[in-house]
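Peer 1: There's a structure below that I have some questions on.
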Amino acid sequence: MASRTSATATKTTRTRTAKTDKPKEPEKEADTGEVEDDAEFSVTRELTADNLVKDYVIASVAASIVPVAFFDIAAVIAIQLRMIQKLSNLYGKPFSEHLGRKVIYALVGGVLGYSAGYFVAASASKLIPGIGWMVGMVSLPVVAGGATYAVGRSIIKHYEEGGTLMDFNAAKMRAFFNEQFEKGKSFASKAKDKVKSEDAETAEDTTS
């Protein structure tokens with residue numbers, strides 16, 4: 001009877017030892033790695049989105065310099081739509097031209113009330129011979145570039161927060177858009193000088 005009890009105790013001890021010696025799976029390490037990968041991906045995506053917006057700001061500036069009244073407005077809107085489509089693809093969000101236009105009009109025409117009218121007035125000034133074109137070329141590229149930058153940054157912020165074009169709320173984006181518009185005008189001003197410089201170099205090469 002004593003030997004059976006001893007054998008049972010020995011077996012129990014071995015079982016406990018085996019359970020104690022069993023190595024634990026590195027679950028926390030795997031989770032940490034996944035978090036780091038997600039964070040790195042998020043940073044890379046946001047940097048890509050920021051560079052994409054800047055490329056479209058330059059495109060907007062170049063389009064608004066064209067000395068053709070009202071063509072510039074249509075070109076800038078088309079550029080902004082293309083930018084939103086590219087950002088939607090980058091963030092895996094659904095895109096439609098109708099919703100894209102709705103967001104643009106809500107931001108540019110509603111959040112920054114004077115901007116839509118300013119676009120039309122500045123573009124129309126190109127119809128005036130001589131000085132009218134100069135006024136439009138000086139002022140419109142900065143506003144167009146600034147608006148494109150602000151639209152792009154607003155879309156990025158909304159997508160980063162998990163939103164889509166369907167639930168975009170321009171009223172809630174008012175302060176952020178205005179802030180980004182001011183930053184965008186500064187970048188657009190530099191972009192305008194760059195575009196004009198490149199155009200001048202191209203003209204010189206053509207003449208020579």
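Just so we're on the same page: first chain in the structure tokens is A, next is B, and so on; residues restart at 1 for each chain, and ligands are numbered from 1 in the order they show up.
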With a distance cut-off of 12 Å and only C-alpha atoms, select the neighbouring residues of His98 of chain A, excluding the residue or stretch itself and same-chain residues fewer than 4 positions from it, and output the selection as a ChimeraX atom specification.
Peer 2: /A:81,84-85,94,102-105,165-166
Peer 1: Take atom CA of Tyr159 of chain A and atom CA of Ser186 of chain A and report the distance between them in Å, one decimal.
Peer 2: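 Atom-to-atom, atom CA of Tyr159 of chain A to atom CA of Ser186 of chain A, that is 24.3 Å.
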Peer 1: Counting only C-alpha atoms, which of A:Val61, A:Tyr91, A:Ile79, A:Ser96 gets nearest to Thr48 of chain A?
Peer 2: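 Among A:Val61, A:Tyr91, A:Ile79, A:Ser96, it is A:Tyr91 that comes nearest to Thr48 of chain A.
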Peer 1: For Val195 of chain A, which residue out of A:Ala62, A:Leu140, A:Ala106, A:Val151 is the nearest one, using only C-alpha atoms?
Peer 2: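 Closest candidate: A:Ala62.
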Peer 1: Report, in Å to a single decimal, how far apart atom CA of Lys86 of chain A and atom CA of Leu99 of chain A are.
Peer 2: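 Those two atoms sit 14.1 Å apart.
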Peer 1: With only C-alpha atoms as the atoms that count, which of A:Arg45, A:Asp37, A:Lys54, A:Ala147 lies nearest to Ile73 of chain A?
Peer 2: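 The shortest atom-to-atom distance to Ile73 of chain A comes from A:Ala147.
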Peer 1: For the atom pair atom CA of Ser42 of chain A and atom CA of Arg174 of chain A, what is the interatomic distance in Å to one decimal place?
Peer 2: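 That distance, rounded to one decimal, is 24.9 Å.
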Peer 1: Taking only C-alpha atoms into account, which of A:Ala175, A:Ala49, A:Val35, A:Ala191 comes nearest Ser88 of chain A?
Peer 2: A:Ala49
Peer 1: Could you list, as an MDAnalysis selection string, every residue within 12 Å of Leu52 of chain A, counting only C-alpha atoms and ignoring same-chain residues fewer than 5 positions away?
Peer 2: chainID A and resid 45:47 57:59 79:80 82:90 148:149 152:153 156
Peer 1: Can I get the selection written as a PDB file, in the first residue's frame, with C-alpha atoms?
Peer 2:
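Generated file (result-v5.pdb):
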```pdb
ATOM      1  CA  ARG A  45       1.906  55.504 -46.136  1.00  0.00           C
ATOM      2  CA  GLU A  46       1.505  58.970 -44.627  1.00  0.00           C
ATOM      3  CA  LEU A  47       4.851  60.111 -46.082  1.00  0.00           C
ATOM      4  CA  VAL A  57      -0.020  71.212 -55.617  1.00  0.00           C
ATOM      5  CA  ILE A  58       2.704  71.793 -58.201  1.00  0.00           C
ATOM      6  CA  ALA A  59       0.363  70.529 -60.920  1.00  0.00           C
ATOM      7  CA  ILE A  79      -6.281  67.773 -60.603  1.00  0.00           C
ATOM      8  CA  GLN A  80      -7.842  67.796 -57.134  1.00  0.00           C
ATOM      9  CA  ARG A  82      -7.284  62.926 -59.388  1.00  0.00           C
ATOM     10  CA  MET A  83      -5.426  63.592 -56.131  1.00  0.00           C
ATOM     11  CA  ILE A  84      -8.387  62.388 -54.054  1.00  0.00           C
ATOM     12  CA  GLN A  85      -8.627  59.269 -56.211  1.00  0.00           C
ATOM     13  CA  LYS A  86      -4.931  58.514 -55.681  1.00  0.00           C
ATOM     14  CA  LEU A  87      -5.240  59.054 -51.922  1.00  0.00           C
ATOM     15  CA  SER A  88      -8.318  56.808 -51.839  1.00  0.00           C
ATOM     16  CA  ASN A  89      -6.362  54.049 -53.596  1.00  0.00           C
ATOM     17  CA  LEU A  90      -3.442  54.507 -51.193  1.00  0.00           C
ATOM     18  CA  THR A 148      -5.197  71.837 -53.341  1.00  0.00           C
ATOM     19  CA  TYR A 149      -2.789  71.327 -50.447  1.00  0.00           C
ATOM     20  CA  GLY A 152      -5.312  66.843 -49.778  1.00  0.00           C
ATOM     21  CA  ARG A 153      -4.275  67.200 -46.145  1.00  0.00           C
ATOM     22  CA  ILE A 156      -5.469  62.377 -45.392  1.00  0.00           C
TER      23      ILE A 156
END
```
